[in-house]
Amino acid sequence: MSAAPLLVLLPAAAGLALVLLGPRVDRSAAALGAAATATTLGVLLGTGRTPEVAYPFLLGLPWRLGIDGLSLALGVTVCVVTLCVLLVAPSQVAARRGRLAGFLLLFLSAVLLTLLAGDLLSLLVGWELMGAASYVLIAHEPGSRRAVDSATTALLTTRALDLGLYTAAGAALAGAGTLGFDALPGLSGWPLHLAALGVLAAALGKAAQLPVSFWLSRAMDGPSPVSALLHSAAMVAMGGYLLVRLAPLLAASGWADDAAAWTGALTAVALGVVALAQTDLKQLLAASTASQLGFVVLAAGVSGTAAGGVHLVAHASVKSLLFLLAGLWLHTVGTKELDGLRAAAWRAPAVGVLAAVGLLSLAGLPPLALWGSKDAVLAAALEHSPLLYAAGLVAAGLSAAYAGKALVVVLARPAERAPLHVPWTSWAPLVPLAVGAAALSLLALGTTGQRFEELLDAGLPPVEPVGLLVSGVLAVAVLAAMWWRGERLTAAMPVVARQWLHLEAAAHAVVVRPVLSLSAALAAFDDHVLDRGVRAAAASTGRLAGTLARADDQLLDRAVEGAAAGTVRTARASGRFDVDGVDGLVSAVAATTRRLGAQARRPQTGQLHQYYGQAAALLVAATVLLLIVR
Amino acid sequence: MLDLLVFLPVLAAVVLAALPRLSDTAARAALVAVTGVELLLALGLWVGYEPGGGVTSEIAYERELQWIPSVDSGYHVGVDGLSLPLLLLTAGIFFCCALYAWREQLRPRTFAALLLFLETTCLGVFASLDLILFFVFFDLSIVGMYFLIAGWGHGQAARSALKFFLYTFLGSLALLVGFLALFAGSDPHTFDMVKLAQDPPLQGQPLAGGLALLAIGIGLAVKTPTVPFHTWLPPAHTDAPAVGSAILAGVLLKMGTYGFVRIALPMLPDAWRTWAVVAVVVGAVGVLYGALVALAQTDLKRMIAYTSVAHMGYVLLALGAAGMLGGTDEQARTVAVTGAVTQMVSHGFITAALFLLAGVLQDRAESYDLGSYGGLFSSAPRFAGLFAVGAFASLGLPGFTGFIAEFQVLAGSLGSAPVGVIVALLGLLVTAALFLVAINRLLLGEPGRLSARVSDLRPSELAAVVPLLGLALLLGVLPRPMLDLIEPSARVVVELVSR
């Protein structure tokens with residue numbers, strides 16, 4: 001047995017325990033959670049890459065779990081980020097810490113399952129559990145109606161597109177009889193296209209790409225530590241991961257790879273503009289996440305597996321750092337509005353250094369992490385199409401602009417404000433993330449880059465010094481422009497960009513409201529037509545029964561009554577007949593007999609001479625009779 | 001042992017009925033004890049069961065006694081991979097309901113006797129291998145449920161009970177007509193289900209076979225219920241006692257779907273293949289329609305009732321897809337039928353738990369109105385936690401049996417019935433939406449008008465609900481023990497319908 005199932009079960013069991021213990025472990029939850037995460041990380045590092053093992057699950061569709069280079073790299077990243085988040089969370093979230101830590105661990109378990117999955121079914125299980133955990137985590141403040149609605153929006157939007165994975169699985173089962181990732185590019189005909197479409201939809205949804213990026217904006221209503229894990233290193237990153245992982249399927253379809261590349265490029269540019277227009281730090285970071293994931297999706301579309309992997313890891317480090325800093329300021333300064341964060345970096349210098357590293361890396365300043373990783377993606381795009389490269393370059397410039405915008409605000413000249421008291425426990429866990437944000441460009445460059453390529457078993461595009469130079473110069477130039485003129489440039493951003501391109505309103509108009517109207521209409525139909533039909537049928541049955549009953553009363557029963565009356569009359573008649581006729585006859589016979597008897601008594605006088613007379617008469621009569629007969 | 005399993009409850013019911021001076025506590029204890037023994041007996045059957053094909057052969061615990069030999073109908077019972085999961089489900093749900101009913105104040109002795117009578121009829125339906133026997137148990141279950149709703153319900157209980165009785169009884173008459181057609185079409189004439197499946201009647205007679213399927217289909221569709229024969233379900237659930245709703249949704253609805261997989265597919269394969277598209281349409285429309293109508297409900301019990309319509313739609317969809325031979329191989333269709341049977345078990349556990357939880361609201365505040373509650377996560381955390389778990393299980397979250405069922409149905413059917421599956425997928429999304437809406441209104445946000453009256457779950461309620469959801473979780477994570485039972489029989493059904 002490989003260690004792969006352990007990696008999923010360990011955080012799941014720890015998370016479940018913390019959730020069930022709830023308030024009883026509020027104080028120790030962070031430490032317990034961190035211990036469980038550290039153990040998981042240790043097991044993962046100790047195991048390293050392991051081949052896929054199948055465990056029985058459904059008929060002919062086993063769990064296939066293995067660890068390859070990409071899943072190892074992302075698994076380690078997610079574990080490290082979770083560890084930092086768990087350690088920092090108590091300083092930012094006051095309520096229900098045990099529950100928060102428990103669900104973060106359950107979420108980690110789902111992410112690891114997603115990463116270890118070697119088939120669509122195992123992937124789908126991890127994928128959907130991630131979504132459900134995200135709902136619970138975003139709605140962590142149960143009294144906040146806004147947070148609850150946002151959690152619902154996030155889950156329903158991503159789940160709508162997750163349905164693509166069900167169709168992809170169905171198509172693979174119909175086309176290949178197996179759900180293994182290795183079999184997917186070998187599909188042909190409609191199953192191939194349906195599988196590619198389904199995977200693409202699900203991945204774009206989770207990665208908050210156009211046109212559903214709005215759910216990420218709503219997800220910012222959750223606690224900052226949650227965003228630091230879900231909306232940088234894990235959930236949205238898994239959308240990018242899936243496309244990178246299944247890039248061969250996208251390529252086999254002949255169209256899905258281009259669709260991915262262009263959606264990614266478009267999102268990188270459009271959401272970059274949206275980020276630039278934000279006035280709220282978390283909203284800016286969220287739009288930036290969608291934009292940065294656009295680079296990963298673009299990489300997957302041009303088969304840049306390694307480039308996408310590098311960018312995922314580097315971005316996770318940068319963005320989790322920044323989300324946690326936003327949370328720290330929200331907790332200490334009391335706002336996440338950029339206006340309120342003016343000069344915040346100076347008020348707690350340690351935090352300020354971390355913020356500067358994170359924002360400069362996000363801007364793509366050489367030699368920080370996102371400079372190298374983004375350039376790997378751009379190089380892969382250039383191999384494919386100059387247009388894609390150009391779009392990527394625009395997006396890179398935009399990321400320097402929005403990072404610069406935030407940087408200018410927090411580094412503004414120190415005002416007359418008291419220094420913030422930030423205990424070291426609130427910022428020390430962020431140091432590893434800052435180190436990553438600074439140094440992870442090494443994954444794309446030089447000998448470390450080669451070793452990363454070996455780990456992923458996939459090649460990075462050859463390092464083009466010109467490309468590196470171009471993006472480096474671009475970042476520096478844009479940062480400089482923002483420093484001098486940034487506030488004036490960004491003040492004129494259109495409302496449509498600040499409102500996330502009105503995507504949520506559009507989704508409400510096109511999907512949500514029609515569905516709710518249809519639902520209400522069908523409910524009315526069910527009550528007033530279908531059920532009334534049944535009731536009408538019952539009522540008409542009742543009426544029919546009434547009619548029949550009346551017919552019964554008026555015709556049949558009358559006939560019966562008539563028959564009865566007739567019978568009575570007949571009976572009376574026959575009674576009369578009986579009395580007057582039959583019985584009369586009998587009586588008459590009796591009377592006659594009696595009379596005859598009386599008359600017969602009369603000859604019996606007892607006088608002999610009369611008997612002789614009678615005998616003589618009888619004799620004469622007999623003689624006469626004899627004479628006549630003969 | 002099977003006979004004991006089926007008839008022990010009704011014997012206990014007779015004893016209870018014959019002891020008018022029995023104390024209420026003793027009656028409750030007897031109910032828990034007998035249903036507990038039943039559960040142990042059912043588990044014993046499972047332990048001793050060798051997974052085999054079933055339906056036409058390899059039937060376990062078979063017993064055949066003469067009853068009406070002139071029409072070749074007898075007391076023929078047995079167990080296979082289609083019936084054993086449902087027998088286990090029935091025994092489990094009745095036991096949990098007995099625990100829940102520990103606090104039943106109204107005529108507990110009669111209540112216990114009625115519940116035990118109902119348990120015999122339910123187990124009898126699933127154990128029967130003779131159409132007449134099946135029909136007798138089927139109709140008696142309607143009678144038992146009628147008295148349960150009418151006697152222990154609330155609201156317009158009498159009216160709803162009557163509607164339930166008349167509608168489903170009428171359906172059962174259609175079923176009987178179909179059974180008579182099967183009998184008349186068989187040669188030699190028989191009501192024996194095994195013989196009828198081995199040598200299906202009315203093969204090569206499309207008109208007669210189609211009409212027989214129509215009669216059986218309508219009879220079972222009313223009981224399941226499928227769109228458009230479902231309108232008896234919401235009032236019956238709304239006015240039934242919690243235990244009645246749990247049994248109605250958890251067990252009685254399964255008789256309809258079980259009838260499809262046990263009778264319609266194996267005994268009328270020709271007709272089923274011809275009309276499979278109707279099942280696909282009814283199933284897929286049911287999934288979406290049920291979910292959409294449920295979304296608009298403001299009454300929690302009506303909402304759950306409509307999700308039952310949606311969940312039963314998956315079963316029809318999968319069985320229809322199993323009859324559409326073009327497009328996919330046998331493995332995909334076996335996966336679909338396995339999913340259909342899994343869905344029956346899964347829906348039983350999860351929906352029974354949800355109805356019992358809904359009963360808690362009625363018990364505390366006498367209202368199912370979603371708008372009157374809110375914030376229960378703070379005031380009644382156990383209730384809220386379990387309701388949330390039940391809702392996520394019901395919306396098909398992986399880790400629960402609902403996902404195992406629905407994934408198999410959808411993935412297995414896609415090759416045969418792609419449009420149906422896509423319609424059903426939309427239903428899956430709406431189901432997610434409606435349960436999230438229910439959670440948001442009931443459990444989160446500000447406390448509502450009646451929230452203060454909802455005290456948290458009592459031990460008997462906890463003991464009833466936790467095992468149901470626990471099983472949905474356990475079998476959702478480790479489904480092999482359940483699937484090992486179902487898969488061989490599902491494969492046989494697929495082979496039989498492909499003849």
# chains A, B, ... in the order shown; residues from 1 in each chain; ligands from 1
$ interface_residues --of "chain A" --to "chain B" --cutoff "7 Å" --atoms "only C-alpha atoms" --output "list in words"
Phe57, Leu59, Val125, Glu128, Leu129, Pro142, Gly143, Ser144, Arg145, Val148, Thr152, Leu156, Ala160, Leu163, Tyr166, Thr167, Ala169, Gly170, Ala171, Leu173, Ala174, Ser519, Ala520, Leu522, Ala523 and Asp531 of chain A
$ residues_around --residues "region 190-199 of chain B" --least-positions-apart "5" --cutoff "6 Å" --atoms "only C-alpha atoms" --output "PDB file with C-alpha atoms, in the first residue's frame"
ATOM      1  CA  THR B  56     -33.609 -15.734 -12.413  1.00  0.00           C
ATOM      2  CA  ASP B  72     -49.611 -21.235 -10.165  1.00  0.00           C
ATOM      3  CA  SER B  73     -49.373 -18.595  -7.483  1.00  0.00           C
ATOM      4  CA  LEU B 129     -41.087 -13.690  -5.714  1.00  0.00           C
ATOM      5  CA  ASP B 130     -44.715 -14.088  -6.687  1.00  0.00           C
ATOM      6  CA  LEU B 131     -46.767 -11.370  -8.286  1.00  0.00           C
ATOM      7  CA  PHE B 183     -50.154 -14.142 -16.301  1.00  0.00           C
ATOM      8  CA  PRO B 266     -36.742  -8.546 -16.642  1.00  0.00           C
ATOM      9  CA  MET B 267     -40.297  -9.627 -17.518  1.00  0.00           C
TER      10      MET B 267
END
$ select_by_dssp --residues "region 242-434 of chain B" --states "alpha helix (DSSP H)" --output "PyMOL selection string"
chain B and resi 242-247+253-259+265-267+269-295+300-323+330-365+376-379+381-394+401-414+418-434
$ residues_around --residues "Arg347 (chain A)" --least-positions-apart "6" --cutoff "8 Å" --atoms "only C-alpha atoms" --output "PyMOL selection string"
chain A and resi 414+417-420
$ closest_residue --among "A:Thr263, A:Gly304, A:Ala617, A:Ala401" --to "Leu489 (chain A)" --atoms "only C-alpha atoms"
A:Ala401
$ atom_distance --atom1 "CA of Pro200 (chain B)" --atom2 "CA of Val136 (chain B)"
22.2 Å
$ atom_distance --atom1 "CA of Leu501 (chain A)" --atom2 "CA of His231 (chain A)"
19.6 Å
$ residues_around --residues "Leu411 (chain A)" --least-positions-apart "2" --cutoff "7 Å" --atoms "only C-alpha atoms" --output "ChimeraX atom specification"
/A:343,345-346,407-409,413
$ write_last_selection --atoms "N, CA and C atoms" --output "tab-separated table (two decimals), in the first residue's frame"
chain	number	residue	atom	x	y	z
A	343	ALA	N	0.14	54.54	3.98
A	343	ALA	CA	1.33	54.54	4.85
A	343	ALA	C	1.36	53.40	5.85
A	345	ALA	N	2.53	50.55	5.66
A	345	ALA	CA	3.78	49.81	5.73
A	345	ALA	C	4.73	50.38	6.77
A	346	TRP	N	4.68	51.71	6.95
A	346	TRP	CA	5.63	52.35	7.89
A	346	TRP	C	5.23	52.15	9.33
A	407	LEU	N	1.20	49.29	-3.82
A	407	LEU	CA	2.49	49.59	-3.20
A	407	LEU	C	2.61	51.09	-2.90
A	408	VAL	N	2.18	51.89	-3.86
A	408	VAL	CA	2.26	53.34	-3.69
A	408	VAL	C	1.47	53.76	-2.46
A	409	VAL	N	0.30	53.13	-2.27
A	409	VAL	CA	-0.55	53.51	-1.13
A	409	VAL	C	0.12	53.13	0.18
A	413	ARG	N	4.20	58.42	2.06
A	413	ARG	CA	5.05	59.06	3.06
A	413	ARG	C	4.44	58.93	4.45
$ select_by_dssp --residues "region 109-346 of chain A" --states "strand (DSSP E or B)" --output "PyMOL selection string"
chain A and resi 117+119+180+280+337
$ residues_around --residues "Thr257 (chain B)" --least-positions-apart "6" --cutoff "9 Å" --atoms "only C-alpha atoms" --output "count of residues only"
11
$ atom_distance --atom1 "CA of Gly404 (chain A)" --atom2 "CA of Val351 (chain A)"
17.2 Å
$ closest_residue --among "B:Tyr100, B:Tyr49, B:Phe147, B:Phe134" --to "Ala113 (chain B)" --atoms "only C-alpha atoms"
B:Phe147
$ residues_around --residues "Ala196 (chain A)" --least-positions-apart "6" --cutoff "9 Å" --atoms "only C-alpha atoms" --output "number ranges by chain"
A: 168, 184, 246, 249-250, 252-253, 255-256
$ closest_residue --among "A:Leu338, A:Val244, A:Leu123, A:Leu187" --to "Phe295 (chain A)" --atoms "only C-alpha atoms"
A:Val244
$ decode --residues "region 180-230 of chain A" --atoms "N, CA and C atoms" --output "mmCIF file, in the first residue's frame"
data_model
loop_
_atom_site.group_PDB
_atom_site.id
_atom_site.type_symbol
_atom_site.label_atom_id
_atom_site.label_comp_id
_atom_site.auth_asym_id
_atom_site.auth_seq_id
_atom_site.Cartn_x
_atom_site.Cartn_y
_atom_site.Cartn_z
ATOM 1 N N GLY A 180 -9.352 6.795 -16.393
ATOM 2 C CA GLY A 180 -7.959 7.166 -16.154
ATOM 3 C C GLY A 180 -7.529 8.329 -17.029
ATOM 4 N N PHE A 181 -6.710 9.224 -16.445
ATOM 5 C CA PHE A 181 -6.240 10.385 -17.204
ATOM 6 C C PHE A 181 -5.473 9.947 -18.445
ATOM 7 N N ASP A 182 -4.730 8.829 -18.315
ATOM 8 C CA ASP A 182 -3.897 8.410 -19.442
ATOM 9 C C ASP A 182 -4.721 7.997 -20.648
ATOM 10 N N ALA A 183 -5.982 7.584 -20.413
ATOM 11 C CA ALA A 183 -6.808 7.131 -21.528
ATOM 12 C C ALA A 183 -7.524 8.280 -22.226
ATOM 13 N N LEU A 184 -7.551 9.449 -21.576
ATOM 14 C CA LEU A 184 -8.404 10.519 -22.114
ATOM 15 C C LEU A 184 -7.962 11.025 -23.495
ATOM 16 N N PRO A 185 -6.658 11.255 -23.708
ATOM 17 C CA PRO A 185 -6.285 11.761 -25.039
ATOM 18 C C PRO A 185 -6.553 10.743 -26.142
ATOM 19 N N GLY A 186 -6.726 9.460 -25.773
ATOM 20 C CA GLY A 186 -6.983 8.434 -26.782
ATOM 21 C C GLY A 186 -8.437 8.339 -27.201
ATOM 22 N N LEU A 187 -9.302 9.143 -26.594
ATOM 23 C CA LEU A 187 -10.712 9.120 -26.987
ATOM 24 C C LEU A 187 -10.844 9.629 -28.418
ATOM 25 N N SER A 188 -11.970 9.295 -29.035
ATOM 26 C CA SER A 188 -12.209 9.834 -30.378
ATOM 27 C C SER A 188 -13.697 10.123 -30.523
ATOM 28 N N GLY A 189 -14.022 10.892 -31.557
ATOM 29 C CA GLY A 189 -15.430 11.201 -31.815
ATOM 30 C C GLY A 189 -16.021 12.080 -30.726
ATOM 31 N N TRP A 190 -17.361 11.969 -30.566
ATOM 32 C CA TRP A 190 -18.028 12.871 -29.621
ATOM 33 C C TRP A 190 -17.537 12.718 -28.192
ATOM 34 N N PRO A 191 -17.176 11.496 -27.724
ATOM 35 C CA PRO A 191 -16.685 11.447 -26.336
ATOM 36 C C PRO A 191 -15.454 12.327 -26.120
ATOM 37 N N LEU A 192 -14.573 12.388 -27.107
ATOM 38 C CA LEU A 192 -13.377 13.219 -26.962
ATOM 39 C C LEU A 192 -13.766 14.684 -26.769
ATOM 40 N N HIS A 193 -14.657 15.165 -27.633
ATOM 41 C CA HIS A 193 -15.007 16.582 -27.571
ATOM 42 C C HIS A 193 -15.796 16.913 -26.321
ATOM 43 N N LEU A 194 -16.703 15.999 -25.946
ATOM 44 C CA LEU A 194 -17.484 16.247 -24.737
ATOM 45 C C LEU A 194 -16.578 16.237 -23.511
ATOM 46 N N ALA A 195 -15.620 15.307 -23.491
ATOM 47 C CA ALA A 195 -14.715 15.233 -22.340
ATOM 48 C C ALA A 195 -13.875 16.500 -22.262
ATOM 49 N N ALA A 196 -13.363 16.950 -23.397
ATOM 50 C CA ALA A 196 -12.537 18.155 -23.392
ATOM 51 C C ALA A 196 -13.355 19.366 -22.955
ATOM 52 N N LEU A 197 -14.587 19.457 -23.475
ATOM 53 C CA LEU A 197 -15.448 20.583 -23.104
ATOM 54 C C LEU A 197 -15.747 20.575 -21.615
ATOM 55 N N GLY A 198 -16.075 19.378 -21.104
ATOM 56 C CA GLY A 198 -16.421 19.274 -19.689
ATOM 57 C C GLY A 198 -15.262 19.662 -18.798
ATOM 58 N N VAL A 199 -14.079 19.141 -19.097
ATOM 59 C CA VAL A 199 -12.902 19.443 -18.288
ATOM 60 C C VAL A 199 -12.596 20.930 -18.362
ATOM 61 N N LEU A 200 -12.681 21.476 -19.559
ATOM 62 C CA LEU A 200 -12.387 22.895 -19.747
ATOM 63 C C LEU A 200 -13.333 23.757 -18.905
ATOM 64 N N ALA A 201 -14.644 23.429 -18.965
ATOM 65 C CA ALA A 201 -15.626 24.228 -18.230
ATOM 66 C C ALA A 201 -15.346 24.166 -16.733
ATOM 67 N N ALA A 202 -15.142 22.949 -16.225
ATOM 68 C CA ALA A 202 -14.942 22.807 -14.781
ATOM 69 C C ALA A 202 -13.695 23.559 -14.330
ATOM 70 N N ALA A 203 -12.627 23.451 -15.123
ATOM 71 C CA ALA A 203 -11.370 24.074 -14.729
ATOM 72 C C ALA A 203 -11.464 25.595 -14.801
ATOM 73 N N LEU A 204 -12.088 26.111 -15.860
ATOM 74 C CA LEU A 204 -12.211 27.561 -15.980
ATOM 75 C C LEU A 204 -13.069 28.120 -14.847
ATOM 76 N N GLY A 205 -14.094 27.351 -14.452
ATOM 77 C CA GLY A 205 -14.939 27.790 -13.350
ATOM 78 C C GLY A 205 -14.148 27.913 -12.059
ATOM 79 N N LYS A 206 -13.424 26.872 -11.719
ATOM 80 C CA LYS A 206 -12.665 26.901 -10.462
ATOM 81 C C LYS A 206 -11.566 27.964 -10.513
ATOM 82 N N ALA A 207 -10.970 28.178 -11.688
ATOM 83 C CA ALA A 207 -9.882 29.132 -11.801
ATOM 84 C C ALA A 207 -10.398 30.568 -11.922
ATOM 85 N N ALA A 208 -11.716 30.744 -11.789
ATOM 86 C CA ALA A 208 -12.330 32.079 -11.813
ATOM 87 C C ALA A 208 -11.994 32.824 -13.096
ATOM 88 N N GLN A 209 -12.005 32.106 -14.221
ATOM 89 C CA GLN A 209 -11.740 32.757 -15.500
ATOM 90 C C GLN A 209 -13.023 33.381 -16.039
ATOM 91 N N LEU A 210 -12.909 34.149 -17.069
ATOM 92 C CA LEU A 210 -14.078 34.733 -17.711
ATOM 93 C C LEU A 210 -14.951 33.615 -18.251
ATOM 94 N N PRO A 211 -16.268 33.708 -18.190
ATOM 95 C CA PRO A 211 -17.032 34.857 -17.708
ATOM 96 C C PRO A 211 -17.524 34.699 -16.263
ATOM 97 N N VAL A 212 -16.929 33.813 -15.476
ATOM 98 C CA VAL A 212 -17.497 33.595 -14.133
ATOM 99 C C VAL A 212 -16.585 34.126 -13.030
ATOM 100 N N SER A 213 -15.660 35.032 -13.385
ATOM 101 C CA SER A 213 -14.708 35.516 -12.381
ATOM 102 C C SER A 213 -15.384 36.148 -11.164
ATOM 103 N N PHE A 214 -16.665 36.567 -11.340
ATOM 104 C CA PHE A 214 -17.302 37.322 -10.263
ATOM 105 C C PHE A 214 -17.397 36.568 -8.951
ATOM 106 N N TRP A 215 -17.428 35.224 -9.017
ATOM 107 C CA TRP A 215 -17.597 34.509 -7.750
ATOM 108 C C TRP A 215 -16.403 34.756 -6.825
ATOM 109 N N LEU A 216 -15.251 35.018 -7.419
ATOM 110 C CA LEU A 216 -14.067 35.253 -6.597
ATOM 111 C C LEU A 216 -14.190 36.581 -5.863
ATOM 112 N N SER A 217 -14.812 37.544 -6.519
ATOM 113 C CA SER A 217 -15.049 38.827 -5.854
ATOM 114 C C SER A 217 -15.938 38.633 -4.633
ATOM 115 N N ARG A 218 -17.024 37.845 -4.819
ATOM 116 C CA ARG A 218 -17.921 37.601 -3.696
ATOM 117 C C ARG A 218 -17.238 36.803 -2.592
ATOM 118 N N ALA A 219 -16.315 35.923 -2.986
ATOM 119 C CA ALA A 219 -15.659 35.078 -1.991
ATOM 120 C C ALA A 219 -14.828 35.891 -1.018
ATOM 121 N N MET A 220 -14.529 37.153 -1.363
ATOM 122 C CA MET A 220 -13.729 37.998 -0.471
ATOM 123 C C MET A 220 -14.468 38.371 0.802
ATOM 124 N N ASP A 221 -15.788 38.070 0.867
ATOM 125 C CA ASP A 221 -16.522 38.331 2.098
ATOM 126 C C ASP A 221 -16.166 37.354 3.204
ATOM 127 N N GLY A 222 -15.421 36.313 2.855
ATOM 128 C CA GLY A 222 -14.982 35.353 3.872
ATOM 129 C C GLY A 222 -13.774 35.893 4.624
ATOM 130 N N PRO A 223 -13.327 35.162 5.648
ATOM 131 C CA PRO A 223 -12.149 35.605 6.405
ATOM 132 C C PRO A 223 -10.897 35.600 5.519
ATOM 133 N N SER A 224 -9.956 36.508 5.804
ATOM 134 C CA SER A 224 -8.745 36.611 4.982
ATOM 135 C C SER A 224 -7.899 35.335 4.978
ATOM 136 N N PRO A 225 -7.699 34.668 6.128
ATOM 137 C CA PRO A 225 -6.903 33.435 6.072
ATOM 138 C C PRO A 225 -7.506 32.397 5.121
ATOM 139 N N VAL A 226 -8.832 32.399 5.029
ATOM 140 C CA VAL A 226 -9.484 31.470 4.102
ATOM 141 C C VAL A 226 -9.102 31.831 2.668
ATOM 142 N N SER A 227 -9.172 33.120 2.369
ATOM 143 C CA SER A 227 -8.783 33.541 1.020
ATOM 144 C C SER A 227 -7.327 33.203 0.751
ATOM 145 N N ALA A 228 -6.487 33.325 1.795
ATOM 146 C CA ALA A 228 -5.064 33.076 1.602
ATOM 147 C C ALA A 228 -4.804 31.651 1.153
ATOM 148 N N LEU A 229 -5.639 30.717 1.621
ATOM 149 C CA LEU A 229 -5.444 29.336 1.167
ATOM 150 C C LEU A 229 -6.250 29.059 -0.098
ATOM 151 N N LEU A 230 -7.543 29.414 -0.061
ATOM 152 C CA LEU A 230 -8.429 28.993 -1.146
ATOM 153 C C LEU A 230 -8.190 29.771 -2.433
#
